[in-house]
Amino acid sequence: MSIEKLQPFLAPTYENFPKGRMIELVILRTTKSETIFRTEGSGEPMSSEFVQAGIKDTNIIPRLVMTKRKQVAPERRRGREFLRAQNLLHTNDKNNSICSLNTNAPCEKCIDCFLYGFAAGGEGAQKSRVWTEDAFSVIPATELIADRTINALFENGTMRDVNGKASTALNTSEYIKPGVHFLDVVTLKDVTADELRYVIGNILLTSRYGAVSSRVGRMENEILAVFGGIAELPSSLELVQAVYDALQKIGEPIEHPLPVDPLLTATKEIVSTWKNKRGISMQLSEDELENLIADSDRHWSMEEQETFLQRLDKSYETFRQYRQKRKRKKLEAEKSRLG
Ligand SMILES: [Zn+2]
């Protein structure tokens, strides 16, 4: 069992204090439709960053960026859909409202709050134990963005009005092409086996990112490697740079669409050398990785999902009571101070 192999880096139960155990996932994220990652709001250009092309290749190129927020927000929302369905989003003590993202009243009690953290609220904050980095495209942004000029449709749903006159109103929109690869490293700190399964489920069950409609934003995630250790892996940027060098070395043309096989081979080869880095203790073998994904799939299956999520939710009970007690004490102290 591969979960057992990760045991030294998993927490047996949730604890309030960090103990420096890390599980790390290397993820390939591939756009499956036109996708839009803008900086903020519409009208802004697609998120990109000028960085060094490779580690050896020191040319500067623009790379598309999938920011931390663009990765984590949809994944959290996905997990919370299931929590909502199982009535596992708790109510906030302040105003009795159900836990919701991006409000200043998180419930501080649900799986999502315990794992991904919360900032606002009353009694202290919970730091996120899911650490992400900006993910970068493997090849230059200039290859990956296209512009589309769309004639605005008339109400009859066509480009021509009832008199056969062509539409002249134009909308230009920039989009990321389908088949674009981002490489990403996600670090989980002091998580339990069930929390690991929960995060893996969120990542593999999320299929829409960025600006979402029925037609845009489709992405697929694949976990390429899993590590355990006491230190962080090299960054997402270092990984794409090393892959860029490797593709050049084998003479693979760095252009869109990039075939997935040489990309997978290069990535797996590079990450397999990471075991020798300080603080990285082990990497799951291909078989073990497959078992881990199958194990997570099983827990998320229709048959086991309820039991799994209920069990994970219950695992925080003593901490909920502890927080509740502290809150009550504080309130009483406040009361007696005011006389
Ligand atoms: Zn919550």
# chains A, B, ... in the order shown; residues from 1 in each chain; ligands from 1
call {"tool": "residues_near_ligand", "arguments": {"ligand": "ligand 1", "cutoff": "7 Å", "atoms": "only C-alpha atoms and all ligand atoms", "output": "JSON, numbers by chain"}}
result
{"A": [89, 90, 99, 100, 106, 107, 108, 109, 110, 111, 112, 113]}
call {"tool": "residues_around", "arguments": {"residues": "segment 301-314 of chain A", "least_positions_apart": "2", "cutoff": "9 Å", "atoms": "only C-alpha atoms", "output": "list in words"}}
result
Phe82, Leu83, Gln86, Leu88, Lys109, Cys110, Ile111, Asp194, Glu195, Tyr198, Ser296, Asp297, Arg298, His299, Tyr316, Glu317 and Thr318 of chain A
call {"tool": "atom_distance", "arguments": {"atom1": "atom CA of Ala141 of chain A", "atom2": "atom CA of Glu238 of chain A"}}
result
17.0 Å
call {"tool": "closest_atom_pairs", "arguments": {"of": "segment 88-152 of chain A", "to": "segment 178-185 of chain A", "cutoff": "9 Å", "atoms": "only C-alpha atoms", "output": "JSON lines"}}
result
{"residue": "A:Trp131", "atom": "CA", "partner": "A:Val185", "partner_atom": "CA", "distance": 8.8}
{"residue": "A:Thr132", "atom": "CA", "partner": "A:Val185", "partner_atom": "CA", "distance": 6.7}
{"residue": "A:Glu133", "atom": "CA", "partner": "A:Val185", "partner_atom": "CA", "distance": 6.8}
{"residue": "A:Asp134", "atom": "CA", "partner": "A:Asp184", "partner_atom": "CA", "distance": 7.4}
{"residue": "A:Ala135", "atom": "CA", "partner": "A:Asp184", "partner_atom": "CA", "distance": 4.9}
{"residue": "A:Phe136", "atom": "CA", "partner": "A:Phe182", "partner_atom": "CA", "distance": 5.3}
{"residue": "A:Ser137", "atom": "CA", "partner": "A:Phe182", "partner_atom": "CA", "distance": 4.4}
{"residue": "A:Val138", "atom": "CA", "partner": "A:Phe182", "partner_atom": "CA", "distance": 6.1}
{"residue": "A:Ile139", "atom": "CA", "partner": "A:His181", "partner_atom": "CA", "distance": 8.2}
{"residue": "A:Leu144", "atom": "CA", "partner": "A:Val180", "partner_atom": "CA", "distance": 6.9}
call {"tool": "write_last_selection", "arguments": {"atoms": "C-alpha atoms", "output": "PDB file, in the first residue's frame"}}
result
ATOM      1  CA  TRP A 131       1.030  25.306  -0.516  1.00  0.00           C
ATOM      2  CA  THR A 132       0.993  26.147  -4.198  1.00  0.00           C
ATOM      3  CA  GLU A 133       3.137  28.160  -6.532  1.00  0.00           C
ATOM      4  CA  ASP A 134       2.439  29.942  -9.757  1.00  0.00           C
ATOM      5  CA  ALA A 135       2.563  27.381 -12.552  1.00  0.00           C
ATOM      6  CA  PHE A 136       4.310  28.283 -15.803  1.00  0.00           C
ATOM      7  CA  SER A 137       3.754  27.198 -19.383  1.00  0.00           C
ATOM      8  CA  VAL A 138       6.533  25.043 -20.796  1.00  0.00           C
ATOM      9  CA  ILE A 139       6.838  26.986 -24.044  1.00  0.00           C
ATOM     10  CA  LEU A 144       0.117  29.875 -27.006  1.00  0.00           C
TER      11      LEU A 144
END
call {"tool": "residues_around", "arguments": {"residues": "Glu269 of chain A", "least_positions_apart": "2", "cutoff": "12 Å", "atoms": "only C-alpha atoms", "output": "JSON, numbers by chain"}}
result
{"A": [224, 225, 239, 242, 243, 246, 247, 262, 263, 264, 265, 266, 267, 271, 272, 273, 274, 275]}
call {"tool": "write_last_selection", "arguments": {"atoms": "C-alpha atoms", "output": "PDB file, in the first residue's frame"}}
result
ATOM      1  CA  LEU A 224       3.133  12.796 -12.430  1.00  0.00           C
ATOM      2  CA  ALA A 225       5.054  12.209  -9.225  1.00  0.00           C
ATOM      3  CA  LEU A 239      10.968  22.432 -13.302  1.00  0.00           C
ATOM      4  CA  ALA A 242      14.828  22.049 -16.747  1.00  0.00           C
ATOM      5  CA  VAL A 243      12.192  20.489 -19.021  1.00  0.00           C
ATOM      6  CA  ALA A 246      15.799  18.668 -21.892  1.00  0.00           C
ATOM      7  CA  LEU A 247      13.437  19.103 -24.857  1.00  0.00           C
ATOM      8  CA  PRO A 262       8.549  13.688 -24.911  1.00  0.00           C
ATOM      9  CA  LEU A 263       7.198  16.149 -22.346  1.00  0.00           C
ATOM     10  CA  LEU A 264       6.245  13.352 -19.941  1.00  0.00           C
ATOM     11  CA  THR A 265       9.533  11.524 -20.434  1.00  0.00           C
ATOM     12  CA  ALA A 266      11.572  14.686 -19.853  1.00  0.00           C
ATOM     13  CA  THR A 267       9.579  15.694 -16.768  1.00  0.00           C
ATOM     14  CA  VAL A 271      12.036  14.820 -11.129  1.00  0.00           C
ATOM     15  CA  SER A 272      13.567  11.377 -10.563  1.00  0.00           C
ATOM     16  CA  THR A 273      16.868  13.125  -9.770  1.00  0.00           C
ATOM     17  CA  TRP A 274      15.217  15.148  -6.992  1.00  0.00           C
ATOM     18  CA  LYS A 275      15.413  12.267  -4.521  1.00  0.00           C
TER      19      LYS A 275
END
call {"tool": "select_by_dssp", "arguments": {"residues": "segment 108-312 of chain A", "states": "alpha helix (DSSP H)", "output": "MDAnalysis selection string"}}
result
chainID A and resid 111:116 141:144 193:205 236:249 260:272 286:300 305:312
call {"tool": "write_last_selection", "arguments": {"atoms": "C-alpha atoms", "output": "compact mmCIF listing (two decimals), in the first residue's frame"}}
result
# COMPACT_ATOMS: atom_id res chain seq x y z
CA ILE A 111 -12.65 20.18 6.28
CA ASP A 112 -11.95 23.00 3.85
CA CYS A 113 -11.27 25.54 6.62
CA PHE A 114 -8.98 23.13 8.51
CA LEU A 115 -7.02 22.17 5.42
CA TYR A 116 -6.86 25.24 3.20
CA ALA A 141 3.40 32.58 -24.30
CA THR A 142 3.69 34.04 -27.80
CA GLU A 143 3.09 30.54 -29.23
CA LEU A 144 0.12 29.87 -27.01
CA ALA A 193 -3.84 10.23 5.00
CA ASP A 194 -7.50 11.27 4.61
CA GLU A 195 -6.53 14.90 4.03
CA LEU A 196 -4.12 13.74 1.33
CA ARG A 197 -6.96 11.78 -0.33
CA TYR A 198 -9.20 14.84 -0.06
CA VAL A 199 -6.67 17.12 -1.79
CA ILE A 200 -5.90 14.56 -4.51
CA GLY A 201 -9.66 14.25 -5.15
CA ASN A 202 -10.05 18.02 -5.40
CA ILE A 203 -7.21 18.24 -7.92
CA LEU A 204 -8.31 15.33 -10.08
CA LEU A 205 -12.03 16.14 -9.99
CA SER A 236 7.58 25.01 -10.59
CA LEU A 237 9.69 27.50 -12.52
CA GLU A 238 12.89 25.46 -12.09
CA LEU A 239 10.97 22.43 -13.30
CA VAL A 240 9.71 24.02 -16.56
CA GLN A 241 13.17 25.44 -17.17
CA ALA A 242 14.83 22.05 -16.75
CA VAL A 243 12.19 20.49 -19.02
CA TYR A 244 12.78 23.21 -21.62
CA ASP A 245 16.53 22.40 -21.65
CA ALA A 246 15.80 18.67 -21.89
CA LEU A 247 13.44 19.10 -24.86
CA GLN A 248 16.03 21.19 -26.66
CA LYS A 249 18.68 18.59 -25.96
CA VAL A 260 2.85 14.97 -24.69
CA ASP A 261 5.17 11.92 -24.80
CA PRO A 262 8.55 13.69 -24.91
CA LEU A 263 7.20 16.15 -22.35
CA LEU A 264 6.24 13.35 -19.94
CA THR A 265 9.53 11.52 -20.43
CA ALA A 266 11.57 14.69 -19.85
CA THR A 267 9.58 15.69 -16.77
CA LYS A 268 9.73 12.26 -15.16
CA GLU A 269 13.44 12.00 -15.82
CA ILE A 270 14.14 15.36 -14.23
CA VAL A 271 12.04 14.82 -11.13
CA SER A 272 13.57 11.38 -10.56
CA GLU A 286 5.07 4.40 -10.88
CA ASP A 287 3.14 1.45 -9.39
CA GLU A 288 2.89 3.06 -5.98
CA LEU A 289 1.68 6.30 -7.54
CA GLU A 290 -0.96 4.40 -9.48
CA ASN A 291 -2.08 2.69 -6.25
CA LEU A 292 -2.28 6.00 -4.44
CA ILE A 293 -4.53 7.49 -7.15
CA ALA A 294 -6.68 4.32 -7.17
CA ASP A 295 -6.95 4.50 -3.37
CA SER A 296 -8.06 8.14 -3.57
CA ASP A 297 -10.54 7.34 -6.39
CA ARG A 298 -12.02 4.58 -4.25
CA HIS A 299 -12.55 6.91 -1.30
CA TRP A 300 -14.25 9.44 -3.58
CA GLN A 305 -17.61 9.07 -0.45
CA GLU A 306 -20.07 9.66 2.38
CA THR A 307 -18.20 7.46 4.88
CA PHE A 308 -14.90 8.99 3.84
CA LEU A 309 -15.98 12.63 4.17
CA GLN A 310 -17.86 12.00 7.42
CA ARG A 311 -14.78 10.33 8.91
CA LEU A 312 -12.51 13.19 7.86
call {"tool": "residues_around", "arguments": {"residues": "Thr187 of chain A", "least_positions_apart": "6", "cutoff": "6 Å", "atoms": "only C-alpha atoms", "output": "VMD selection string"}}
result
chain A and resid 23 to 24 130 to 131
call {"tool": "write_last_selection", "arguments": {"atoms": "N, CA and C atoms", "output": "mmCIF file, in the first residue's frame"}}
result
data_model
loop_
_atom_site.group_PDB
_atom_site.id
_atom_site.type_symbol
_atom_site.label_atom_id
_atom_site.label_comp_id
_atom_site.auth_asym_id
_atom_site.auth_seq_id
_atom_site.Cartn_x
_atom_site.Cartn_y
_atom_site.Cartn_z
ATOM 1 N N ILE A 23 4.399 16.260 1.963
ATOM 2 C CA ILE A 23 4.102 15.395 0.823
ATOM 3 C C ILE A 23 4.020 16.328 -0.371
ATOM 4 N N GLU A 24 4.675 15.955 -1.464
ATOM 5 C CA GLU A 24 4.703 16.882 -2.587
ATOM 6 C C GLU A 24 4.259 16.227 -3.882
ATOM 7 N N VAL A 130 -1.981 23.591 2.339
ATOM 8 C CA VAL A 130 -1.815 23.267 0.918
ATOM 9 C C VAL A 130 -1.071 24.438 0.283
ATOM 10 N N TRP A 131 0.208 24.223 0.017
ATOM 11 C CA TRP A 131 1.030 25.306 -0.516
ATOM 12 C C TRP A 131 1.171 25.153 -2.023
#
call {"tool": "residues_around", "arguments": {"residues": "Ile61 of chain A", "least_positions_apart": "2", "cutoff": "10 Å", "atoms": "only C-alpha atoms", "output": "short mmCIF file (atom, residue, chain, number, x, y, z; two decimals) with N, CA and C atoms, in the first residue's frame"}}
result
data_model
loop_
_atom_site.label_atom_id
_atom_site.label_comp_id
_atom_site.auth_asym_id
_atom_site.auth_seq_id
_atom_site.Cartn_x
_atom_site.Cartn_y
_atom_site.Cartn_z
N SER A 48 1.10 36.73 -17.86
CA SER A 48 2.36 36.13 -18.29
C SER A 48 3.52 36.84 -17.59
N GLU A 49 4.68 36.23 -17.68
CA GLU A 49 5.84 36.71 -16.93
C GLU A 49 7.08 36.48 -17.79
N PHE A 50 8.01 37.45 -17.81
CA PHE A 50 9.27 37.25 -18.52
C PHE A 50 10.23 36.50 -17.60
N VAL A 51 10.68 35.34 -18.03
CA VAL A 51 11.60 34.54 -17.22
C VAL A 51 12.65 33.89 -18.12
N GLN A 52 13.67 33.33 -17.50
CA GLN A 52 14.69 32.63 -18.26
C GLN A 52 14.09 31.36 -18.89
N ALA A 53 14.45 31.10 -20.16
CA ALA A 53 13.84 29.98 -20.89
C ALA A 53 14.16 28.64 -20.23
N GLY A 54 15.47 28.41 -19.97
CA GLY A 54 15.87 27.16 -19.35
C GLY A 54 16.78 27.45 -18.19
N THR A 58 19.82 30.65 -21.31
CA THR A 58 19.57 31.86 -20.52
C THR A 58 18.78 32.93 -21.26
N ASN A 59 18.26 32.59 -22.45
CA ASN A 59 17.39 33.56 -23.14
C ASN A 59 16.17 33.88 -22.27
N ARG A 63 6.40 33.64 -20.35
CA ARG A 63 5.67 32.38 -20.11
C ARG A 63 4.29 32.70 -19.57
N LEU A 64 3.29 31.93 -19.97
CA LEU A 64 1.97 32.07 -19.38
C LEU A 64 2.03 31.66 -17.92
N ILE A 139 6.30 26.24 -22.89
CA ILE A 139 6.84 26.99 -24.04
C ILE A 139 6.35 28.44 -24.02
N PRO A 140 6.98 29.30 -24.83
CA PRO A 140 6.71 30.74 -24.73
C PRO A 140 5.24 31.12 -24.98
N ALA A 141 4.78 32.11 -24.22
CA ALA A 141 3.40 32.58 -24.30
C ALA A 141 3.02 32.99 -25.72
N THR A 142 3.98 33.54 -26.45
CA THR A 142 3.69 34.04 -27.80
C THR A 142 3.18 32.93 -28.72
#
